[in-house]
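A.B. asks: Okay, so here is structure_37.cif, and as you'll see once you scroll down, it has mmCIF, C-alpha atoms, pLDDT in the B column; chains and numbers go by the auth columns.
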data_start
#
loop_
_atom_site.group_PDB
_atom_site.id
_atom_site.type_symbol
_atom_site.label_atom_id
_atom_site.label_comp_id
_atom_site.label_asym_id
_atom_site.label_seq_id
_atom_site.Cartn_x
_atom_site.Cartn_y
_atom_site.Cartn_z
_atom_site.B_iso_or_equiv
_atom_site.auth_seq_id
_atom_site.auth_asym_id
ATOM 1 C CA MET A 1 8.920 -74.841 13.995 57.00 698 A
ATOM 2 C CA TYR A 2 7.911 -72.389 11.257 69.00 699 A
ATOM 3 C CA VAL A 3 6.307 -69.193 12.577 82.00 700 A
ATOM 4 C CA LEU A 4 3.802 -67.203 10.531 90.00 701 A
ATOM 5 C CA SER A 5 2.019 -64.307 12.194 94.00 702 A
ATOM 6 C CA TYR A 6 -0.923 -62.802 10.353 95.00 703 A
ATOM 7 C CA VAL A 7 -1.880 -59.171 10.933 97.00 704 A
ATOM 8 C CA LEU A 8 -5.504 -58.734 9.898 96.00 705 A
ATOM 9 C CA GLY A 9 -6.714 -55.231 9.181 97.00 706 A
ATOM 10 C CA ALA A 10 -9.483 -53.665 7.134 96.00 707 A
ATOM 11 C CA PRO A 11 -8.507 -51.013 4.594 95.00 708 A
ATOM 12 C CA GLY A 12 -7.355 -47.849 6.335 95.00 709 A
ATOM 13 C CA SER A 13 -6.079 -49.580 9.466 96.00 710 A
ATOM 14 C CA GLY A 14 -2.447 -48.791 8.605 95.00 711 A
ATOM 15 C CA LYS A 15 -1.045 -52.113 7.340 96.00 712 A
ATOM 16 C CA THR A 16 0.872 -50.732 4.362 94.00 713 A
ATOM 17 C CA THR A 17 2.016 -47.661 6.277 95.00 714 A
ATOM 18 C CA VAL A 18 3.411 -49.665 9.207 97.00 715 A
ATOM 19 C CA THR A 19 5.152 -52.353 7.108 97.00 716 A
ATOM 20 C CA PRO A 20 8.532 -50.570 6.637 97.00 717 A
ATOM 21 C CA GLU A 21 8.692 -49.622 10.330 96.00 718 A
ATOM 22 C CA LEU A 22 7.746 -53.155 11.345 96.00 719 A
ATOM 23 C CA ARG A 23 10.617 -54.504 9.220 96.00 720 A
ATOM 24 C CA ARG A 24 13.039 -52.273 11.138 96.00 721 A
ATOM 25 C CA ARG A 25 11.703 -53.433 14.486 96.00 722 A
ATOM 26 C CA LEU A 26 11.633 -57.145 13.619 95.00 723 A
ATOM 27 C CA PRO A 27 14.954 -57.736 11.820 93.00 724 A
ATOM 28 C CA ALA A 28 14.777 -61.499 12.418 91.00 725 A
ATOM 29 C CA TRP A 29 11.470 -61.673 10.502 93.00 726 A
ATOM 30 C CA THR A 30 10.361 -61.317 6.906 94.00 727 A
ATOM 31 C CA VAL A 31 7.508 -58.822 6.839 96.00 728 A
ATOM 32 C CA VAL A 32 5.183 -59.072 3.818 95.00 729 A
ATOM 33 C CA ASP A 33 2.351 -56.709 2.932 94.00 730 A
ATOM 34 C CA TRP A 34 -0.357 -58.713 1.112 89.00 731 A
ATOM 35 C CA ASP A 35 -1.005 -55.688 -1.134 90.00 732 A
ATOM 36 C CA ALA A 36 2.593 -55.598 -2.406 91.00 733 A
ATOM 37 C CA PHE A 37 1.686 -57.925 -5.273 90.00 734 A
ATOM 38 C CA ILE A 38 -1.640 -56.347 -6.263 92.00 735 A
ATOM 39 C CA ASP A 39 -0.362 -54.206 -9.142 92.00 736 A
ATOM 40 C CA ALA A 40 1.611 -57.044 -10.751 92.00 737 A
ATOM 41 C CA ALA A 41 -1.259 -59.499 -10.242 92.00 738 A
ATOM 42 C CA THR A 42 -3.712 -56.979 -11.696 93.00 739 A
ATOM 43 C CA ALA A 43 -1.533 -56.622 -14.784 94.00 740 A
ATOM 44 C CA LEU A 44 -1.326 -60.405 -15.173 91.00 741 A
ATOM 45 C CA ALA A 45 -5.049 -60.904 -14.629 91.00 742 A
ATOM 46 C CA GLY A 46 -6.037 -58.080 -16.933 93.00 743 A
ATOM 47 C CA CYS A 47 -8.504 -56.768 -14.361 92.00 744 A
ATOM 48 C CA ASP A 48 -8.363 -55.007 -11.015 91.00 745 A
ATOM 49 C CA ILE A 49 -7.771 -57.706 -8.393 91.00 746 A
ATOM 50 C CA ARG A 50 -9.303 -55.527 -5.661 86.00 747 A
ATOM 51 C CA THR A 51 -12.684 -55.325 -7.384 87.00 748 A
ATOM 52 C CA SER A 52 -12.811 -58.746 -9.071 90.00 749 A
ATOM 53 C CA PRO A 53 -13.815 -61.356 -6.481 90.00 750 A
ATOM 54 C CA GLU A 54 -13.423 -64.150 -9.021 93.00 751 A
ATOM 55 C CA THR A 55 -9.645 -63.517 -8.921 92.00 752 A
ATOM 56 C CA TRP A 56 -9.306 -63.674 -5.144 91.00 753 A
ATOM 57 C CA PRO A 57 -8.741 -67.449 -4.813 92.00 754 A
ATOM 58 C CA SER A 58 -5.918 -67.277 -7.364 92.00 755 A
ATOM 59 C CA TYR A 59 -4.445 -64.223 -5.657 93.00 756 A
ATOM 60 C CA ARG A 60 -4.530 -66.030 -2.298 92.00 757 A
ATOM 61 C CA SER A 61 -2.683 -68.920 -3.963 92.00 758 A
ATOM 62 C CA LEU A 62 -0.051 -66.513 -5.256 92.00 759 A
ATOM 63 C CA VAL A 63 0.503 -64.995 -1.813 92.00 760 A
ATOM 64 C CA ARG A 64 0.588 -68.489 -0.253 93.00 761 A
ATOM 65 C CA ALA A 65 3.310 -69.478 -2.736 93.00 762 A
ATOM 66 C CA VAL A 66 5.331 -66.395 -1.787 92.00 763 A
ATOM 67 C CA VAL A 67 4.930 -67.124 1.929 91.00 764 A
ATOM 68 C CA GLY A 68 5.842 -70.767 1.326 91.00 765 A
ATOM 69 C CA SER A 69 9.052 -69.726 -0.391 92.00 766 A
ATOM 70 C CA ILE A 70 10.095 -67.828 2.746 91.00 767 A
ATOM 71 C CA GLU A 71 9.748 -70.844 5.050 87.00 768 A
ATOM 72 C CA PRO A 72 11.314 -71.599 7.488 88.00 769 A
ATOM 73 C CA HIS A 73 12.167 -67.935 8.135 90.00 770 A
ATOM 74 C CA PRO A 74 9.750 -66.357 10.656 93.00 771 A
ATOM 75 C CA THR A 75 7.223 -64.294 8.730 94.00 772 A
ATOM 76 C CA VAL A 76 4.679 -61.571 9.379 95.00 773 A
ATOM 77 C CA LEU A 77 1.969 -61.247 6.733 95.00 774 A
ATOM 78 C CA LEU A 78 -0.306 -58.204 6.746 96.00 775 A
ATOM 79 C CA GLY A 79 -3.612 -58.580 4.905 94.00 776 A
ATOM 80 C CA VAL A 80 -7.392 -58.601 4.838 93.00 777 A
ATOM 81 C CA CYS A 81 -8.212 -62.315 4.796 94.00 778 A
ATOM 82 C CA THR A 82 -9.951 -63.948 7.732 95.00 779 A
ATOM 83 C CA PRO A 83 -9.172 -67.415 9.136 95.00 780 A
ATOM 84 C CA GLY A 84 -12.023 -68.910 7.117 94.00 781 A
ATOM 85 C CA GLU A 85 -10.458 -67.580 3.916 93.00 782 A
ATOM 86 C CA LEU A 86 -7.054 -69.116 4.647 94.00 783 A
ATOM 87 C CA PRO A 87 -7.759 -72.756 5.556 93.00 784 A
ATOM 88 C CA GLY A 88 -4.651 -74.878 5.876 91.00 785 A
ATOM 89 C CA TRP A 89 -2.272 -71.932 6.108 93.00 786 A
ATOM 90 C CA PRO A 90 0.371 -72.477 8.818 92.00 787 A
ATOM 91 C CA ILE A 91 -0.588 -69.338 10.765 93.00 788 A
ATOM 92 C CA THR A 92 0.667 -69.538 14.330 91.00 789 A
ATOM 93 C CA ALA A 93 -0.729 -66.223 15.620 92.00 790 A
ATOM 94 C CA TRP A 94 -3.342 -63.685 14.563 95.00 791 A
ATOM 95 C CA VAL A 95 -3.287 -59.970 15.438 96.00 792 A
ATOM 96 C CA LEU A 96 -5.878 -57.329 14.550 97.00 793 A
ATOM 97 C CA LEU A 97 -4.680 -53.900 13.412 97.00 794 A
ATOM 98 C CA ASP A 98 -7.615 -51.550 13.858 97.00 795 A
ATOM 99 C CA CYS A 99 -8.713 -47.930 14.171 97.00 796 A
ATOM 100 C CA SER A 100 -11.955 -46.122 14.842 97.00 797 A
ATOM 101 C CA ASP A 101 -14.514 -46.069 12.048 97.00 798 A
ATOM 102 C CA HIS A 102 -14.303 -42.275 11.960 97.00 799 A
ATOM 103 C CA GLU A 103 -10.527 -42.311 11.523 96.00 800 A
ATOM 104 C CA ARG A 104 -10.762 -45.064 8.891 96.00 801 A
ATOM 105 C CA ALA A 105 -13.217 -42.964 6.877 96.00 802 A
ATOM 106 C CA GLN A 106 -10.903 -39.948 7.092 95.00 803 A
ATOM 107 C CA ARG A 107 -7.865 -41.985 5.999 95.00 804 A
ATOM 108 C CA LEU A 108 -9.674 -43.470 3.013 96.00 805 A
ATOM 109 C CA ALA A 109 -11.603 -40.356 1.905 95.00 806 A
ATOM 110 C CA ALA A 110 -8.905 -39.056 -0.443 92.00 807 A
ATOM 111 C CA HIS A 111 -8.639 -42.172 -2.608 91.00 808 A
ATOM 112 C CA ARG A 112 -11.710 -44.358 -2.071 92.00 809 A
ATOM 113 C CA SER A 113 -15.370 -44.025 -2.998 92.00 810 A
ATOM 114 C CA ARG A 114 -18.094 -43.791 -0.350 95.00 811 A
ATOM 115 C CA ARG A 115 -19.098 -47.374 -1.166 94.00 812 A
ATOM 116 C CA GLU A 116 -15.510 -48.583 -0.624 93.00 813 A
ATOM 117 C CA ILE A 117 -15.269 -46.694 2.659 94.00 814 A
ATOM 118 C CA ASP A 118 -18.542 -48.198 3.884 96.00 815 A
ATOM 119 C CA SER A 119 -17.304 -51.651 2.882 95.00 816 A
ATOM 120 C CA ALA A 120 -14.030 -51.110 4.790 95.00 817 A
ATOM 121 C CA ILE A 121 -15.982 -50.045 7.882 97.00 818 A
ATOM 122 C CA ASP A 122 -18.193 -53.139 7.587 97.00 819 A
ATOM 123 C CA ASP A 123 -15.069 -55.324 7.274 96.00 820 A
ATOM 124 C CA ALA A 124 -13.548 -53.690 10.351 97.00 821 A
ATOM 125 C CA ARG A 125 -16.686 -54.344 12.388 97.00 822 A
ATOM 126 C CA ARG A 126 -16.644 -57.998 11.295 96.00 823 A
ATOM 127 C CA TYR A 127 -12.925 -58.355 12.125 97.00 824 A
ATOM 128 C CA ARG A 128 -13.565 -57.002 15.627 97.00 825 A
ATOM 129 C CA SER A 129 -15.745 -60.044 16.313 96.00 826 A
ATOM 130 C CA TYR A 130 -12.641 -62.251 16.304 96.00 827 A
ATOM 131 C CA ASP A 131 -10.916 -62.778 19.613 92.00 828 A
ATOM 132 C CA PHE A 132 -7.498 -61.567 18.408 95.00 829 A
ATOM 133 C CA PRO A 133 -5.039 -59.341 20.234 95.00 830 A
ATOM 134 C CA VAL A 134 -5.566 -55.787 18.942 96.00 831 A
ATOM 135 C CA VAL A 135 -3.241 -52.917 18.125 97.00 832 A
ATOM 136 C CA ASP A 136 -5.357 -49.772 17.769 97.00 833 A
ATOM 137 C CA THR A 137 -3.852 -47.151 15.446 97.00 834 A
ATOM 138 C CA THR A 138 -6.388 -44.437 16.270 97.00 835 A
ATOM 139 C CA GLY A 139 -4.576 -41.195 17.030 95.00 836 A
ATOM 140 C CA ARG A 140 -1.215 -42.942 17.404 97.00 837 A
ATOM 141 C CA SER A 141 2.056 -42.150 15.674 96.00 838 A
ATOM 142 C CA LEU A 142 3.587 -44.579 13.207 95.00 839 A
ATOM 143 C CA GLU A 143 6.397 -45.257 15.668 96.00 840 A
ATOM 144 C CA GLU A 144 3.966 -46.057 18.481 97.00 841 A
ATOM 145 C CA VAL A 145 1.973 -48.419 16.275 97.00 842 A
ATOM 146 C CA ALA A 146 5.057 -50.196 14.899 97.00 843 A
ATOM 147 C CA THR A 147 6.518 -50.666 18.362 96.00 844 A
ATOM 148 C CA ALA A 148 3.240 -51.986 19.807 96.00 845 A
ATOM 149 C CA LEU A 149 2.762 -54.352 16.876 95.00 846 A
ATOM 150 C CA ALA A 150 6.360 -55.625 16.953 95.00 847 A
ATOM 151 C CA ASP A 151 6.155 -56.164 20.718 93.00 848 A
ATOM 152 C CA LEU A 152 2.875 -58.048 20.392 92.00 849 A
ATOM 153 C CA ILE A 153 4.126 -60.248 17.552 90.00 850 A
ATOM 154 C CA SER A 154 7.323 -61.050 19.436 86.00 851 A
ATOM 155 C CA THR A 155 5.285 -61.934 22.512 82.00 852 A
ATOM 156 C CA VAL A 156 2.640 -64.120 20.874 68.00 853 A
ATOM 157 C CA ASP A 157 5.169 -66.033 18.769 57.00 854 A
ATOM 158 C CA GLY A 158 8.043 -66.008 21.242 60.00 855 A
ATOM 159 C CA ILE A 159 10.650 -64.721 18.762 55.00 856 A
ATOM 160 C CA GLY A 160 12.532 -61.491 19.329 50.00 857 A
#
Let me see the file written as structure tokens.

C.D. replies:
Amino acid sequence: MYVLSYVLGAPGSGKTTVTPELRRRLPAWTVVDWDAFIDAATALAGCDIRTSPETWPSYRSLVRAVVGSIEPHPTVLLGVCTPGELPGWPITAWVLLDCSDHERAQRLAAHRSRREIDSAIDDARRYRSYDFPVVDTTGRSLEEVATALADLISTVDGIG
């Protein structure tokens, strides 16, 4: 059976930061950060993917094609899409990567506008309404977060 774990996290939760450490802790898995393709997709689209909602369905299709090419290797995908945005994807487990709203705002302050920070906080509040296992990154070291996330993924999907 193909295993695809999805780590949902609003901007500032630590998805991109934890990805390299997660790869080290889950050597039997392919770990993919949804944002890894943003710059190339932005260049192809001729507009910023992050701020152009009309491009999001095509970008989701691109990421789905990448994930499909990895099958049947167990995969962890870190991103911002909710279950309703990924119908038909073969996701076997969902995990929420989260942090406090205060910490999120601090993490994003250096490179995001106030409007983007508020939007990220709104997304995080919406994501918390899902009944997913949570790894909270608030005040935790990268090593602690990566270990907790790897342990949770291994547990929910049954692959070490």

A.B. asks: With all atoms listed in the file as the atoms that count, which of A:Thr835, A:Thr844, A:Thr727, A:Ser810 lies nearest to Ser766 in chain A?

C.D. replies: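 Selected residue with least distance to Ser766 in chain A: A:Thr727.
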
A.B. asks: Measuring between all atoms listed in the file, which one of A:Val704, A:Leu849, A:Val842, A:Ile735 shows the shortest distance to Trp791 in chain A?

C.D. replies: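 Going through A:Val704, A:Leu849, A:Val842, A:Ile735 one by one, the smallest distance to Trp791 in chain A is for A:Val704.
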
A.B. asks: Quick check on the file I pasted: which residues fall under the PyMOL selection byres ((chain A and resi 774) around 12)? Write them as an MDAnalysis selection string.

C.D. replies: chainID A and resid 700:706 712:713 715:716 719:720 726:733 760:761 763:765 767 771:773 775:778 786:794 850

A.B. asks: Find, counting all atoms listed in the file, the residue in A:Ala762, A:Ala707, A:Pro830, A:Glu813 that gets nearest to Thr748 in chain A.

C.D. replies: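 With all atoms listed in the file as the atom set, the closest residue is A:Glu813.
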
A.B. asks: Smallest atom-to-atom distance to Gly781 in chain A: which of A:Tyr827, A:Ile818, A:Arg837, A:Arg804, using all atoms listed in the file?

C.D. replies: A:Tyr827

A.B. asks: Quick one, how far is CA of Arg757 in chain A from CA of Gln803 in chain A?

C.D. replies: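 CA of Gln803 in chain A lies 28.4 Å from CA of Arg757 in chain A.
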
A.B. asks: Please, what distance in Å, to one decimal, runs between CA of Thr779 in chain A and CA of Ser797 in chain A?

C.D. replies: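 If I compute the distance from CA of Thr779 in chain A to CA of Ser797 in chain A, I get 19.3 Å.
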
A.B. asks: Which one of A:Asp815, A:Pro724, A:Tyr756, A:Arg825 sits closest to Thr739 in chain A if you count all atoms listed in the file?

C.D. replies: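 Counting all atoms listed in the file, the residue closest to Thr739 in chain A is A:Tyr756.
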
A.B. asks: If we count only C-alpha atoms and set the cut-off at 8 Å, which residues sit around Asp795 in chain A, ignoring sequence neighbours fewer than 3 positions away in its own chain? Please answer as a PyMOL selection string.

C.D. replies: chain A and resi 706-707+710-711+821+831-835

A.B. asks: Kindly give the distance, in Å, that separates CA of Ala817 in chain A and CA of Ala742 in chain A, rounded to a single decimal.

C.D. replies: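 According to the coordinates, CA of Ala817 in chain A and CA of Ala742 in chain A are separated by 23.5 Å.
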
A.B. asks: I'd like to know which of A:Pro750, A:Arg721, A:Leu759, A:Leu783 is closest to Ala737 in chain A, using all atoms listed in the file.

C.D. replies: A:Leu759
